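Student: One file: input.cif (mmCIF, C-alpha atoms and all ligand atoms).
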data_work
loop_
_atom_site.label_atom_id
_atom_site.label_comp_id
_atom_site.auth_asym_id
_atom_site.auth_seq_id
_atom_site.Cartn_x
_atom_site.Cartn_y
_atom_site.Cartn_z
CA MET K 872 -36.71 -5.70 -12.92
CA ARG K 873 -33.78 -8.09 -13.47
CA ILE K 874 -30.94 -8.48 -10.98
CA TYR K 875 -27.40 -9.66 -11.76
CA LYS K 876 -24.20 -10.25 -9.85
CA VAL K 877 -21.38 -8.18 -11.39
CA GLY K 878 -17.74 -7.32 -11.08
CA GLY K 879 -15.43 -8.97 -8.57
CA ALA K 880 -17.90 -11.61 -7.41
CA VAL K 881 -18.27 -13.08 -10.93
CA ARG K 882 -14.56 -12.77 -11.68
CA ASP K 883 -13.44 -14.42 -8.47
CA ARG K 884 -15.94 -17.27 -8.71
CA LEU K 885 -14.64 -18.07 -12.20
CA LEU K 886 -11.09 -17.93 -10.86
CA GLY K 887 -12.03 -20.28 -8.04
CA LYS K 888 -11.20 -17.62 -5.46
CA PRO K 889 -13.26 -16.89 -2.36
CA VAL K 890 -15.85 -14.16 -2.92
CA THR K 891 -16.08 -11.69 -0.06
CA ASP K 892 -18.34 -8.86 -1.16
CA ILE K 893 -20.96 -9.06 -3.88
CA ASP K 894 -21.95 -6.15 -6.13
CA TRP K 895 -25.30 -6.28 -7.91
CA VAL K 896 -26.70 -4.43 -10.90
CA VAL K 897 -30.42 -3.91 -11.40
CA VAL K 898 -31.80 -3.57 -14.93
CA GLY K 899 -35.27 -2.25 -15.78
CA ALA K 900 -36.02 -0.54 -12.49
CA THR K 901 -36.56 2.99 -11.25
CA THR K 902 -35.41 4.60 -8.02
CA GLU K 903 -39.03 4.70 -6.85
CA GLU K 904 -39.43 0.94 -7.34
CA MET K 905 -36.24 0.29 -5.39
CA LEU K 906 -37.35 2.48 -2.51
CA ALA K 907 -40.78 0.79 -2.52
CA LYS K 908 -39.01 -2.58 -2.05
CA GLY K 909 -37.24 -1.25 1.04
CA PHE K 910 -33.78 -0.59 -0.49
CA ARG K 911 -31.91 2.27 1.18
CA PRO K 912 -30.30 4.89 -1.09
CA VAL K 913 -26.52 5.39 -0.61
CA GLY K 914 -25.55 8.62 -2.30
CA ALA K 915 -27.72 11.56 -3.22
CA ASP K 916 -26.89 11.73 -6.95
CA PHE K 917 -25.72 8.14 -7.34
CA PRO K 918 -28.25 5.41 -8.21
CA VAL K 919 -26.87 2.92 -5.67
CA PHE K 920 -28.87 1.23 -2.90
CA LEU K 921 -28.25 -1.08 0.03
CA HIS K 922 -30.32 -4.25 0.35
CA PRO K 923 -32.62 -3.96 3.38
CA LYS K 924 -31.40 -7.29 4.84
CA SER K 925 -27.97 -8.26 3.41
CA GLY K 926 -26.63 -4.68 3.22
CA GLU K 927 -25.05 -5.51 -0.18
CA GLU K 928 -24.79 -2.88 -2.90
CA TYR K 929 -27.36 -2.77 -5.68
CA ALA K 930 -26.72 -0.25 -8.46
CA LEU K 931 -29.21 0.69 -11.14
CA ALA K 932 -27.77 0.00 -14.59
CA ARG K 933 -26.29 3.26 -15.81
CA THR K 934 -24.23 4.88 -18.50
CA GLU K 935 -21.56 7.47 -17.84
CA ARG K 936 -20.18 10.38 -19.74
CA LYS K 937 -17.09 12.40 -19.06
CA SER K 938 -17.90 16.07 -18.57
CA GLY K 939 -14.80 17.54 -16.98
CA ARG K 940 -11.54 16.85 -15.21
CA GLY K 941 -11.20 14.46 -12.31
CA TYR K 942 -13.69 12.23 -10.58
CA GLY K 943 -16.33 14.91 -10.15
CA GLY K 944 -16.39 15.36 -13.92
CA PHE K 945 -18.82 12.55 -14.70
CA THR K 946 -22.48 12.62 -15.70
CA PHE K 947 -24.47 9.52 -14.87
CA HIS K 948 -27.56 8.39 -16.66
CA ALA K 949 -29.68 5.72 -15.00
CA SER K 950 -33.05 4.70 -16.36
CA PRO K 951 -35.05 1.47 -16.85
CA GLU K 952 -34.03 1.55 -20.54
CA VAL K 953 -30.28 1.18 -19.87
CA THR K 954 -29.31 -2.36 -20.86
CA LEU K 955 -26.94 -4.71 -19.06
CA GLU K 956 -24.46 -4.45 -21.95
CA GLU K 957 -24.52 -0.65 -21.72
CA ASP K 958 -23.80 -0.83 -18.01
CA LEU K 959 -20.96 -3.32 -18.46
CA ILE K 960 -19.15 -1.31 -21.13
CA ARG K 961 -18.41 1.55 -18.68
CA ARG K 962 -16.41 -0.81 -16.43
CA ASP K 963 -12.64 -0.84 -16.24
CA LEU K 964 -11.44 -4.33 -17.18
CA THR K 965 -13.03 -7.07 -19.27
CA ILE K 966 -12.64 -9.52 -16.37
CA ASN K 967 -14.64 -7.05 -14.24
CA ALA K 968 -17.32 -6.55 -16.89
CA MET K 969 -19.17 -9.85 -16.64
CA ALA K 970 -22.60 -10.40 -15.11
CA GLU K 971 -24.38 -13.48 -13.86
CA ASP K 972 -28.08 -14.14 -13.15
CA ASP K 973 -29.39 -16.32 -10.34
CA GLN K 974 -29.03 -19.41 -12.59
CA GLN K 975 -25.30 -18.64 -13.06
CA ASN K 976 -25.92 -17.74 -16.73
CA LEU K 977 -23.03 -15.54 -17.76
CA THR K 978 -23.38 -12.31 -19.73
CA ASP K 979 -19.94 -11.57 -21.12
CA PRO K 980 -20.18 -9.22 -24.11
CA TYR K 981 -16.57 -7.98 -23.81
CA HIS K 982 -14.89 -11.40 -23.51
CA GLY K 983 -13.89 -11.33 -19.88
CA GLN K 984 -13.80 -15.11 -19.77
CA ARG K 985 -11.38 -15.27 -22.68
CA ASP K 986 -9.11 -12.77 -20.89
CA LEU K 987 -9.37 -14.71 -17.65
CA GLU K 988 -8.07 -17.74 -19.48
CA ALA K 989 -5.37 -15.71 -21.21
CA ARG K 990 -4.47 -14.17 -17.83
CA LEU K 991 -4.84 -10.67 -19.26
CA LEU K 992 -5.91 -7.43 -17.62
CA ARG K 993 -7.49 -5.64 -20.58
CA HIS K 994 -9.61 -2.50 -20.70
CA VAL K 995 -13.19 -2.76 -21.93
CA SER K 996 -13.39 0.33 -24.13
CA PRO K 997 -11.46 3.51 -24.92
CA ALA K 998 -13.61 5.23 -22.26
CA PHE K 999 -11.15 3.59 -19.85
CA ALA K 1000 -9.08 6.76 -20.24
CA GLU K 1001 -11.84 8.88 -18.70
CA ASP K 1002 -11.03 7.98 -15.09
CA PRO K 1003 -7.37 8.20 -14.03
CA LEU K 1004 -8.06 6.07 -10.96
CA ARG K 1005 -8.18 3.09 -13.30
CA VAL K 1006 -4.41 3.31 -13.71
CA LEU K 1007 -4.07 2.58 -10.01
CA ARG K 1008 -6.81 -0.05 -10.08
CA VAL K 1009 -5.16 -2.00 -12.90
CA ALA K 1010 -1.80 -1.87 -11.13
CA ARG K 1011 -3.52 -3.12 -7.97
CA PHE K 1012 -5.21 -6.01 -9.79
CA ALA K 1013 -1.84 -6.84 -11.37
CA ALA K 1014 -0.36 -7.07 -7.86
CA ARG K 1015 -3.22 -9.24 -6.67
CA TYR K 1016 -3.25 -11.70 -9.56
CA ALA K 1017 0.45 -11.79 -10.45
CA THR K 1018 0.75 -15.12 -8.65
CA LEU K 1019 -1.85 -16.55 -11.06
CA GLY K 1020 0.19 -15.32 -14.00
CA PHE K 1021 -1.83 -12.24 -14.96
CA THR K 1022 -0.21 -9.39 -16.85
CA VAL K 1023 -1.45 -6.08 -18.24
CA ALA K 1024 -2.39 -6.23 -21.93
CA PRO K 1025 0.01 -4.10 -24.02
CA GLU K 1026 -2.80 -1.95 -25.44
CA THR K 1027 -4.08 -1.28 -21.90
CA LEU K 1028 -0.61 -0.36 -20.74
CA ALA K 1029 -0.44 2.05 -23.69
CA LEU K 1030 -3.67 3.72 -22.56
CA MET K 1031 -2.34 3.91 -19.02
CA ARG K 1032 0.77 5.59 -20.35
CA GLN K 1033 -1.34 8.08 -22.29
CA LEU K 1034 -3.33 8.86 -19.12
CA SER K 1035 -0.14 9.32 -17.11
CA GLU K 1036 1.27 11.71 -19.66
CA SER K 1037 -1.95 13.70 -19.96
CA GLY K 1038 -1.73 15.23 -16.49
CA GLU K 1039 -5.04 13.63 -15.48
CA LEU K 1040 -3.43 11.66 -12.63
CA GLU K 1041 -2.87 14.95 -10.85
CA ALA K 1042 -6.64 15.42 -10.64
CA LEU K 1043 -6.98 12.39 -8.32
CA THR K 1044 -7.81 13.24 -4.73
CA PRO K 1045 -5.40 12.04 -2.02
CA GLU K 1046 -8.20 9.95 -0.50
CA ARG K 1047 -8.99 8.01 -3.68
CA SER K 1048 -5.30 7.44 -4.42
CA TRP K 1049 -4.48 6.32 -0.89
CA LYS K 1050 -7.34 3.84 -0.90
CA GLU K 1051 -5.86 2.13 -3.96
CA ILE K 1052 -2.25 2.42 -2.76
CA SER K 1053 -3.01 0.98 0.66
CA ARG K 1054 -5.03 -1.89 -0.77
CA ALA K 1055 -2.30 -2.60 -3.34
CA LEU K 1056 0.39 -2.68 -0.66
CA MET K 1057 -1.61 -5.33 1.20
CA GLU K 1058 -1.74 -7.66 -1.82
CA ASP K 1059 0.51 -10.73 -2.14
CA GLN K 1060 2.84 -9.12 -4.66
CA PRO K 1061 2.82 -5.40 -3.81
CA GLN K 1062 6.03 -4.85 -5.74
CA VAL K 1063 4.12 -5.61 -8.95
CA PHE K 1064 1.91 -2.58 -8.23
CA VAL K 1065 4.99 -0.35 -8.23
CA GLU K 1066 6.43 -2.08 -11.31
CA VAL K 1067 3.25 -1.58 -13.33
CA LEU K 1068 2.98 2.07 -12.30
CA ARG K 1069 6.58 2.51 -13.35
CA ALA K 1070 6.06 0.73 -16.66
CA CYS K 1071 3.28 3.16 -17.67
CA GLY K 1072 4.97 6.31 -16.40
CA ALA K 1073 2.52 6.83 -13.53
CA LEU K 1074 5.14 6.29 -10.83
CA LYS K 1075 7.04 9.33 -12.08
CA VAL K 1076 3.91 11.43 -11.65
CA LEU K 1077 2.55 9.99 -8.40
CA MET K 1078 5.76 9.14 -6.54
CA PRO K 1079 8.72 10.72 -8.35
CA GLU K 1080 10.80 10.10 -5.21
CA VAL K 1081 10.38 6.33 -5.62
CA ASP K 1082 10.79 6.48 -9.40
CA ALA K 1083 14.14 8.24 -8.92
CA LEU K 1084 15.59 5.20 -7.12
CA PHE K 1085 15.76 3.17 -10.32
CA GLY K 1086 19.19 3.41 -11.88
CA VAL K 1087 20.85 4.49 -8.63
CA PRO K 1088 23.62 2.03 -7.65
CA GLN K 1089 24.54 0.86 -4.14
CA PRO K 1090 27.77 -0.85 -3.02
CA PRO K 1091 27.70 -4.46 -4.33
CA ALA K 1092 29.30 -5.80 -1.13
CA HIS K 1093 26.23 -4.90 0.91
CA HIS K 1094 23.74 -4.90 -1.93
CA PRO K 1095 24.39 -7.64 -4.49
CA GLU K 1096 21.30 -6.44 -6.41
CA ILE K 1097 23.05 -3.04 -6.76
CA ASP K 1098 20.06 -1.02 -8.05
CA THR K 1099 18.21 0.91 -5.31
CA GLY K 1100 14.86 0.60 -7.10
CA ALA K 1101 15.26 -3.17 -7.42
CA HIS K 1102 16.19 -3.31 -3.74
CA THR K 1103 13.09 -1.33 -2.73
CA LEU K 1104 10.87 -3.73 -4.68
CA SER K 1105 12.51 -6.74 -2.99
CA VAL K 1106 12.03 -5.20 0.46
CA LEU K 1107 8.35 -4.74 -0.32
CA GLN K 1108 8.12 -8.32 -1.55
CA GLN K 1109 9.73 -9.58 1.66
CA ALA K 1110 7.26 -7.53 3.70
CA ALA K 1111 4.38 -9.27 1.92
CA LEU K 1112 6.01 -12.69 2.25
CA HIS K 1113 6.33 -12.09 5.99
CA LYS K 1114 2.72 -10.84 6.24
CA GLN K 1115 3.69 -7.43 7.57
CA PRO K 1116 1.01 -4.82 8.29
CA LEU K 1117 0.37 -1.73 6.14
CA THR K 1118 2.50 0.55 8.34
CA VAL K 1119 5.57 -1.64 7.79
CA ARG K 1120 4.93 -2.00 4.04
CA TRP K 1121 4.59 1.77 3.61
CA ALA K 1122 7.82 2.32 5.57
CA CYS K 1123 9.57 -0.32 3.42
CA LEU K 1124 8.58 1.48 0.23
CA LEU K 1125 9.94 4.81 1.48
CA HIS K 1126 12.93 3.85 3.63
CA ASP K 1127 15.68 4.64 1.09
CA LEU K 1128 14.24 7.71 -0.68
CA GLY K 1129 17.31 9.71 0.36
CA LYS K 1130 19.45 7.59 -1.99
CA GLY K 1131 17.72 9.25 -4.91
CA LEU K 1132 19.28 12.57 -3.86
CA THR K 1133 22.92 11.42 -3.77
CA PRO K 1134 25.10 13.32 -6.27
CA GLU K 1135 26.37 10.92 -8.94
CA GLU K 1136 30.02 11.60 -8.00
CA GLU K 1137 29.35 9.98 -4.61
CA TRP K 1138 27.80 6.78 -6.03
CA PRO K 1139 27.64 3.99 -4.98
CA ARG K 1140 27.93 5.40 -1.45
CA HIS K 1141 25.02 7.27 0.09
CA ILE K 1142 26.32 9.33 2.95
CA ALA K 1143 23.57 10.48 5.35
CA HIS K 1144 20.81 9.26 3.03
CA GLU K 1145 18.73 8.45 6.12
CA PHE K 1146 18.54 12.09 7.13
CA LYS K 1147 18.37 13.50 3.58
CA GLY K 1148 15.39 11.30 2.80
CA LEU K 1149 13.20 12.69 5.57
CA LYS K 1150 11.88 15.66 3.62
CA LEU K 1151 10.96 13.36 0.73
CA ILE K 1152 9.16 10.94 3.04
CA LYS K 1153 7.28 13.85 4.56
CA ALA K 1154 6.25 15.13 1.15
CA ILE K 1155 4.95 11.78 -0.03
CA ASN K 1156 3.17 11.15 3.29
CA GLU K 1157 1.35 14.45 2.92
CA ARG K 1158 0.62 14.06 -0.78
CA PHE K 1159 -1.52 11.00 -0.09
CA LYS K 1160 -2.66 12.01 3.40
CA ALA K 1161 -1.41 8.67 4.69
CA PRO K 1162 -2.79 7.74 8.12
CA ARG K 1163 -0.78 9.02 11.06
CA ASP K 1164 0.68 5.63 12.07
CA CYS K 1165 1.93 5.04 8.50
CA GLN K 1166 3.44 8.54 8.34
CA GLU K 1167 5.21 8.21 11.68
CA LEU K 1168 6.67 4.79 11.07
CA ALA K 1169 7.92 5.73 7.59
CA LEU K 1170 9.78 8.75 9.01
CA LEU K 1171 11.28 6.78 11.90
CA VAL K 1172 12.35 3.87 9.69
CA GLY K 1173 13.80 6.34 7.20
CA GLU K 1174 15.86 8.02 9.88
CA TYR K 1175 16.97 5.01 11.91
CA HIS K 1176 17.08 1.88 9.73
CA THR K 1177 20.89 1.94 9.59
CA HIS K 1178 20.93 2.07 13.41
CA GLY K 1179 18.80 -1.07 13.33
CA HIS K 1180 21.31 -2.89 11.13
CA ARG K 1181 24.22 -1.79 13.32
CA ALA K 1182 22.38 -2.54 16.56
CA LEU K 1183 25.04 -4.90 17.90
CA ASP K 1184 27.77 -2.30 17.42
CA LEU K 1185 25.92 0.68 18.89
CA LYS K 1186 27.28 2.26 22.06
CA PRO K 1187 24.86 1.99 24.98
CA SER K 1188 24.27 5.75 24.80
CA THR K 1189 23.34 5.59 21.12
CA LEU K 1190 21.13 2.59 21.78
CA LEU K 1191 19.36 4.56 24.50
CA GLU K 1192 18.83 7.52 22.18
CA LEU K 1193 17.31 5.16 19.62
CA LEU K 1194 14.92 3.67 22.19
CA GLN K 1195 13.98 7.14 23.46
CA SER K 1196 13.28 8.36 19.91
CA PHE K 1197 10.76 5.57 19.55
CA ASP K 1198 9.20 6.22 22.96
CA ILE K 1199 9.32 2.46 23.52
CA TYR K 1200 7.78 2.87 26.98
CA ARG K 1201 4.45 4.08 25.64
CA ARG K 1202 4.64 2.81 22.04
CA PRO K 1203 5.93 -0.81 22.20
CA GLN K 1204 4.19 -1.85 18.99
CA ARG K 1205 5.76 0.92 16.95
CA PHE K 1206 9.24 -0.28 17.94
CA GLU K 1207 8.29 -3.85 16.94
CA GLU K 1208 7.22 -2.51 13.55
CA PHE K 1209 10.52 -0.65 13.20
CA ILE K 1210 12.41 -3.89 13.90
CA ALA K 1211 10.27 -5.69 11.31
CA ALA K 1212 10.95 -3.02 8.67
CA CYS K 1213 14.70 -3.22 9.32
CA GLU K 1214 14.58 -7.00 8.97
CA MET K 1215 12.66 -6.73 5.67
CA ASP K 1216 15.27 -4.23 4.46
CA ALA K 1217 18.05 -6.71 5.27
CA ARG K 1218 16.18 -9.58 3.61
CA GLY K 1219 15.37 -7.51 0.52
CA ARG K 1220 18.87 -8.04 -0.82
CA LYS K 1221 19.68 -10.43 -3.61
CA GLY K 1222 20.79 -13.81 -2.28
CA LEU K 1223 20.48 -12.70 1.36
CA GLU K 1224 16.74 -13.30 1.77
CA GLU K 1225 17.23 -16.24 4.13
CA ARG K 1226 20.07 -14.87 6.21
CA SER K 1227 19.23 -14.58 9.91
CA TYR K 1228 18.81 -11.14 11.43
CA PRO K 1229 20.15 -11.29 15.01
CA GLN K 1230 19.67 -7.53 15.32
CA ALA K 1231 15.94 -8.12 15.79
CA ASN K 1232 16.21 -10.04 19.06
CA TYR K 1233 19.07 -7.87 20.21
CA LEU K 1234 16.91 -4.75 19.84
CA ARG K 1235 13.99 -6.43 21.59
CA GLY K 1236 16.29 -7.36 24.47
CA ALA K 1237 17.62 -3.81 24.69
CA ALA K 1238 14.06 -2.46 24.88
CA THR K 1239 13.25 -4.91 27.66
CA ALA K 1240 16.39 -3.86 29.56
CA ALA K 1241 15.55 -0.16 29.30
CA ARG K 1242 11.94 -0.78 30.32
CA SER K 1243 13.01 -2.79 33.37
CA VAL K 1244 14.22 0.36 35.14
CA ALA K 1245 11.64 1.04 37.83
CA VAL K 1246 10.72 4.65 38.57
CA GLN K 1247 9.22 4.06 42.02
CA PRO K 1248 12.54 3.54 43.90
CA LEU K 1249 13.90 6.76 42.39
CA LEU K 1250 10.83 8.67 43.55
CA GLU K 1251 11.34 7.20 46.99
CA LYS K 1252 14.93 8.45 46.98
CA GLY K 1253 13.45 11.94 46.54
CA PHE K 1254 14.22 12.66 42.86
CA LYS K 1255 11.73 14.92 41.07
CA GLY K 1256 11.29 17.10 37.98
CA PRO K 1257 14.14 17.26 35.46
CA GLU K 1258 16.47 15.62 38.00
CA LEU K 1259 14.23 12.57 38.07
CA GLY K 1260 14.33 12.44 34.27
CA GLU K 1261 18.13 12.54 34.30
CA GLU K 1262 18.31 9.82 36.94
CA ILE K 1263 15.95 7.54 34.97
CA LYS K 1264 18.14 8.02 31.92
CA ARG K 1265 21.28 7.19 33.93
CA GLU K 1266 19.68 4.01 35.24
CA ARG K 1267 18.53 2.98 31.78
CA LEU K 1268 22.02 3.58 30.44
CA LYS K 1269 23.41 1.35 33.20
CA ALA K 1270 20.89 -1.34 32.31
CA LEU K 1271 21.88 -1.13 28.64
CA LYS K 1272 25.59 -1.37 29.46
CA ALA K 1273 24.91 -4.52 31.47
CA TYR K 1274 22.70 -5.85 28.67
CA LYS K 1275 25.35 -5.23 26.04
CA GLU K 1276 27.93 -7.15 28.06
CA THR K 1277 25.74 -10.19 28.70
CA ALA K 1278 24.25 -10.19 25.20
CA SER K 1279 27.64 -10.24 23.49
CA ILE K 1280 28.99 -13.22 25.49
P1 LIG K 1301 -12.53 -6.16 -5.24
O1 LIG K 1301 -12.32 -7.63 -5.13
O2 LIG K 1301 -11.31 -5.35 -5.01
O3 LIG K 1301 -13.75 -5.66 -4.53
P2 LIG K 1301 -14.06 -5.48 -7.56
O4 LIG K 1301 -13.81 -5.77 -9.01
O5 LIG K 1301 -15.32 -6.02 -6.97
O6 LIG K 1301 -12.78 -5.98 -6.80
P3 LIG K 1301 -14.98 -2.89 -6.73
O7 LIG K 1301 -14.17 -1.70 -6.41
O8 LIG K 1301 -15.77 -3.54 -5.65
O9 LIG K 1301 -13.98 -3.92 -7.40
O10 LIG K 1301 -15.94 -2.49 -7.93
C1 LIG K 1301 -16.94 -3.35 -8.42
C2 LIG K 1301 -16.98 -3.25 -9.94
O11 LIG K 1301 -17.30 -1.92 -10.35
C3 LIG K 1301 -15.67 -3.57 -10.64
O12 LIG K 1301 -15.51 -4.94 -10.86
C4 LIG K 1301 -15.79 -2.81 -11.91
O13 LIG K 1301 -16.62 -3.49 -12.84
C5 LIG K 1301 -16.54 -1.56 -11.48
N1 LIG K 1301 -15.67 -0.44 -11.12
C6 LIG K 1301 -15.30 -0.04 -9.88
N2 LIG K 1301 -14.55 1.07 -9.92
C7 LIG K 1301 -14.41 1.39 -11.21
C8 LIG K 1301 -13.76 2.45 -11.92
N3 LIG K 1301 -13.07 3.40 -11.29
N4 LIG K 1301 -13.86 2.46 -13.26
C9 LIG K 1301 -14.57 1.51 -13.92
N5 LIG K 1301 -15.19 0.51 -13.33
C10 LIG K 1301 -15.14 0.43 -11.99
MG MG K 1302 -16.12 -5.59 -5.02
#
The structure given in the file should be rewritten as structure tokens.
Tutor:
Amino acid sequence: MRIYKVGGAVRDRLLGKPVTDIDWVVVGATTEEMLAKGFRPVGADFPVFLHPKSGEEYALARTERKSGRGYGGFTFHASPEVTLEEDLIRRDLTINAMAEDDQQNLTDPYHGQRDLEARLLRHVSPAFAEDPLRVLRVARFAARYATLGFTVAPETLALMRQLSESGELEALTPERSWKEISRALMEDQPQVFVEVLRACGALKVLMPEVDALFGVPQPPAHHPEIDTGAHTLSVLQQAALHKQPLTVRWACLLHDLGKGLTPEEEWPRHIAHEFKGLKLIKAINERFKAPRDCQELALLVGEYHTHGHRALDLKPSTLLELLQSFDIYRRPQRFEEFIAACEMDARGRKGLEERSYPQANYLRGAATAARSVAVQPLLEKGFKGPELGEEIKRERLKALKAYKETASI
């Protein structure tokens, strides 16, 4: 039995990046031998085990064959005869298809090291096209390593395009897609993920609502970058630069979907795009079964981001409605995330990235003012039921009026 480090751990060590999780491949062993050594099996029909002490993943060397559509349509073959080279050839990218023994001797039959030096994401073999998830994986690696200068090899992009056109992407489950999308959004350059998907035609299939934003103009006075797609990418980039959480990044990606529905005669204006976009945001949320907090924030940011930008001009009553819609009393963090998304939207405009965003503190102050209304004294005055609710609202409105006056001095 011979044991090798494979995949990300080898790649990232060669890149001089920190290695977080290590994947291992075991050549020349049987399931029985693994179990006898105390390894715990992970899946029923999958020859993968967890190390009894470290908990790291050890997979028996295996070959794969495509036997149908989608992820389920694979036959695995693991046996002590499968060689390291045979195991490595089924992997997605050459830089992910290197192995290393405990002496750091590299096995690199598909020239991963050469591609690391050339900063190229290149597929290992034509079997790449057998798993549509690889389109998303390559786009995610492109987002992660863009800062180091990596790009997708033209022949790999061509294969990705072929996969996108074949209809295979539609066979991906929401869970597998979301896992890649969410990880990609958390990379340093999440906009590169979207760009690569667009370049190979996968964006049109997976997120046609986002794809439709490219080529849609906005008024140059507010949006010097003009193109709505370019703007969306910049907003996402700002969100990463400002280390925003996944909820905010997802909301940033979807905030302007309504602009893709504007009739051309109305360009470059986008009347009521906030409201029109909601059904698109809902559709995309559901398509990928995004977690509830991501879904909620995306819808709220979609509907109210213009309110955020106009915060200083809003009437106290409108401001109160905004705060009520966010349920700021029970969900303070969600309102903070809304403010962050609005700020990223404002910064995601060409040449305006560094401009201050006074709306953020103004909105925080308004929330504090509304929250400062104490309920207890109103209860003591004898208000109850719907009357109490009305009275609380009146008091909050008063507090916001006072806030608006002091804040604008
Ligand atoms: P990360 O740093 O994101 O963990 P990784 O390269 O280790 O990157 P994993 O998802 O942990 O990625 O997978 C480990 C290895 O398994 C990959 O490097 C690759 O060789 C292989 N692999 C994983 N998923 C696929 C896939 N869908 N198709 C082909 N090979 C894959
Ligand atoms: Mg890994």
Student: Hey, what's within 6 Å of Phe910 of chain K if we count all atoms listed in the file and toss same-chain stuff fewer than 4 positions away? As a list in words, please?
Tutor: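 Counting only the stated atoms, we get Met905, Leu906, Phe920, Leu921, His922 and Pro923 of chain K.
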Student: Do you have the atom CA of Pro997 of chain K-atom CA of Thr1027 of chain K distance handy?
Tutor: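 Here the two named atoms are 9.3 Å from each other.
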Student: What do you get as a list of chain:residue names if you pick all residues at most 8 Å from ligand LIG 1301 (chain K), counting all atoms listed in the file?
Tutor: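 For ligand LIG 1301 (chain K), the residues inside 8 Å are K:Val877, K:Gly878, K:Gly879, K:Ala880, K:Arg882, K:Asp883, K:Val890, K:Thr891, K:Asp892, K:Ile893, K:Asp894, K:Leu959, K:Arg961, K:Arg962, K:Asp963, K:Leu964, K:Ile966, K:Asn967, K:Ala968, K:Met969, K:Phe999, K:Asp1002, K:Pro1003, K:Leu1004, K:Arg1005, K:Arg1008, K:Phe1012.
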Student: Can you pull out the residues contacting Arg1265 of chain K? Cut-off 10 Å, using all atoms listed in the file, and skip same-chain residues under 6 positions away; I want them as JSON, numbers by chain.
Tutor: {"K": [1188, 1191, 1244, 1259, 1271]}
Student: Residues at most 8 Å from segment 1199-1214 of chain K, counting all atoms listed in the file, excluding those fewer than 6 positions away in the same chain, as a PyMOL selection string?
Tutor: chain K and resi 1110+1115+1118-1120+1122-1123+1168+1171-1172+1176+1179-1180+1228+1231+1234-1235+1238+1242
Student: Quick one: distance from atom CA of Tyr1016 of chain K to atom CA of Ala1055 of chain K in Å, one decimal?
Tutor: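 Separating atom CA of Tyr1016 of chain K from atom CA of Ala1055 of chain K is a distance of 11.1 Å.
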Student: Hey, what's within 6 Å of Val1106 of chain K if we count all atoms listed in the file and toss same-chain stuff fewer than 4 positions away? As a ChimeraX atom specification, please?
Tutor: /K:1215-1216,1219
Student: For a quick check of understanding, using all atoms listed in the file, which of K:Lys1221, K:Lys1075, K:His1126, K:His982 has the smallest distance to Pro1095 of chain K?
Tutor: K:Lys1221
Student: Tell me, in Å to one decimal, how far atom CA of Leu885 of chain K is from atom CA of Ile1052 of chain K.
Tutor: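 Calculated distance between atom CA of Leu885 of chain K and atom CA of Ile1052 of chain K is 25.7 Å.
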Student: Measuring atom to atom with only C-alpha atoms and all ligand atoms, identify which of K:Leu1077, K:Val881, K:Ala900, K:Ala1278 is nearest to ligand MG 1302 (chain K).
Tutor: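 Going through K:Leu1077, K:Val881, K:Ala900, K:Ala1278 one by one, the smallest distance to ligand MG 1302 (chain K) is for K:Val881.
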Student: Counting only C-alpha atoms and all ligand atoms, which residue out of K:Val1081, K:Glu928, K:Phe917, K:Val1065 sits closest to ligand MG 1302 (chain K)?
Tutor: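 Of all the options, K:Glu928 lies closest to ligand MG 1302 (chain K).
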Student: Looking at K:Ala1014, K:Ala998, K:Leu992, K:Leu1056, which one is nearest to Glu1026 of chain K, with distances taken over all atoms listed in the file?
Tutor: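 Closest to Glu1026 of chain K of all the choices is K:Leu992.
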Student: Can you pull out every residue within 10 Å of Leu1034 of chain K, counting all atoms listed in the file, but drop anything in the same chain fewer than 3 positions away, and send it as a list in words?
Tutor: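 Listing them by chain and then by number gives Phe999, Ala1000, Glu1001, Asp1002, Pro1003, Leu1004, Arg1005, Val1006, Leu1028, Ala1029, Leu1030, Met1031, Ser1037, Gly1038, Glu1039, Leu1040, Cys1071, Gly1072 and Ala1073 of chain K.
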Student: Using all atoms listed in the file, pick whichever of K:Glu1262, K:Leu1149, K:Glu927, K:Lys1186 has the shortest atom-to-atom distance to ligand MG 1302 (chain K).
Tutor: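 With all atoms listed in the file as the atom set, the closest residue is K:Glu927.
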Student: Restrict the output to segment 1011-1027 of chain K and C-alpha atoms, then write it as an mmCIF file, in the first residue's frame.
Tutor:
data_model
loop_
_atom_site.group_PDB
_atom_site.id
_atom_site.type_symbol
_atom_site.label_atom_id
_atom_site.label_comp_id
_atom_site.auth_asym_id
_atom_site.auth_seq_id
_atom_site.Cartn_x
_atom_site.Cartn_y
_atom_site.Cartn_z
ATOM 1 C CA ARG K 1011 -14.086 29.240 -8.905
ATOM 2 C CA PHE K 1012 -10.358 28.475 -9.151
ATOM 3 C CA ALA K 1013 -10.045 31.349 -11.635
ATOM 4 C CA ALA K 1014 -11.611 33.648 -9.019
ATOM 5 C CA ARG K 1015 -9.298 32.349 -6.327
ATOM 6 C CA TYR K 1016 -6.044 32.578 -8.270
ATOM 7 C CA ALA K 1017 -6.747 35.625 -10.454
ATOM 8 C CA THR K 1018 -4.585 37.719 -8.125
ATOM 9 C CA LEU K 1019 -1.647 35.409 -8.921
ATOM 10 C CA GLY K 1020 -2.239 35.925 -12.632
ATOM 11 C CA PHE K 1021 -3.969 32.642 -13.484
ATOM 12 C CA THR K 1022 -6.249 32.406 -16.493
ATOM 13 C CA VAL K 1023 -8.255 29.600 -18.094
ATOM 14 C CA ALA K 1024 -6.448 27.879 -20.977
ATOM 15 C CA PRO K 1025 -8.255 28.571 -24.284
ATOM 16 C CA GLU K 1026 -8.765 24.859 -25.014
ATOM 17 C CA THR K 1027 -10.296 24.379 -21.547
#
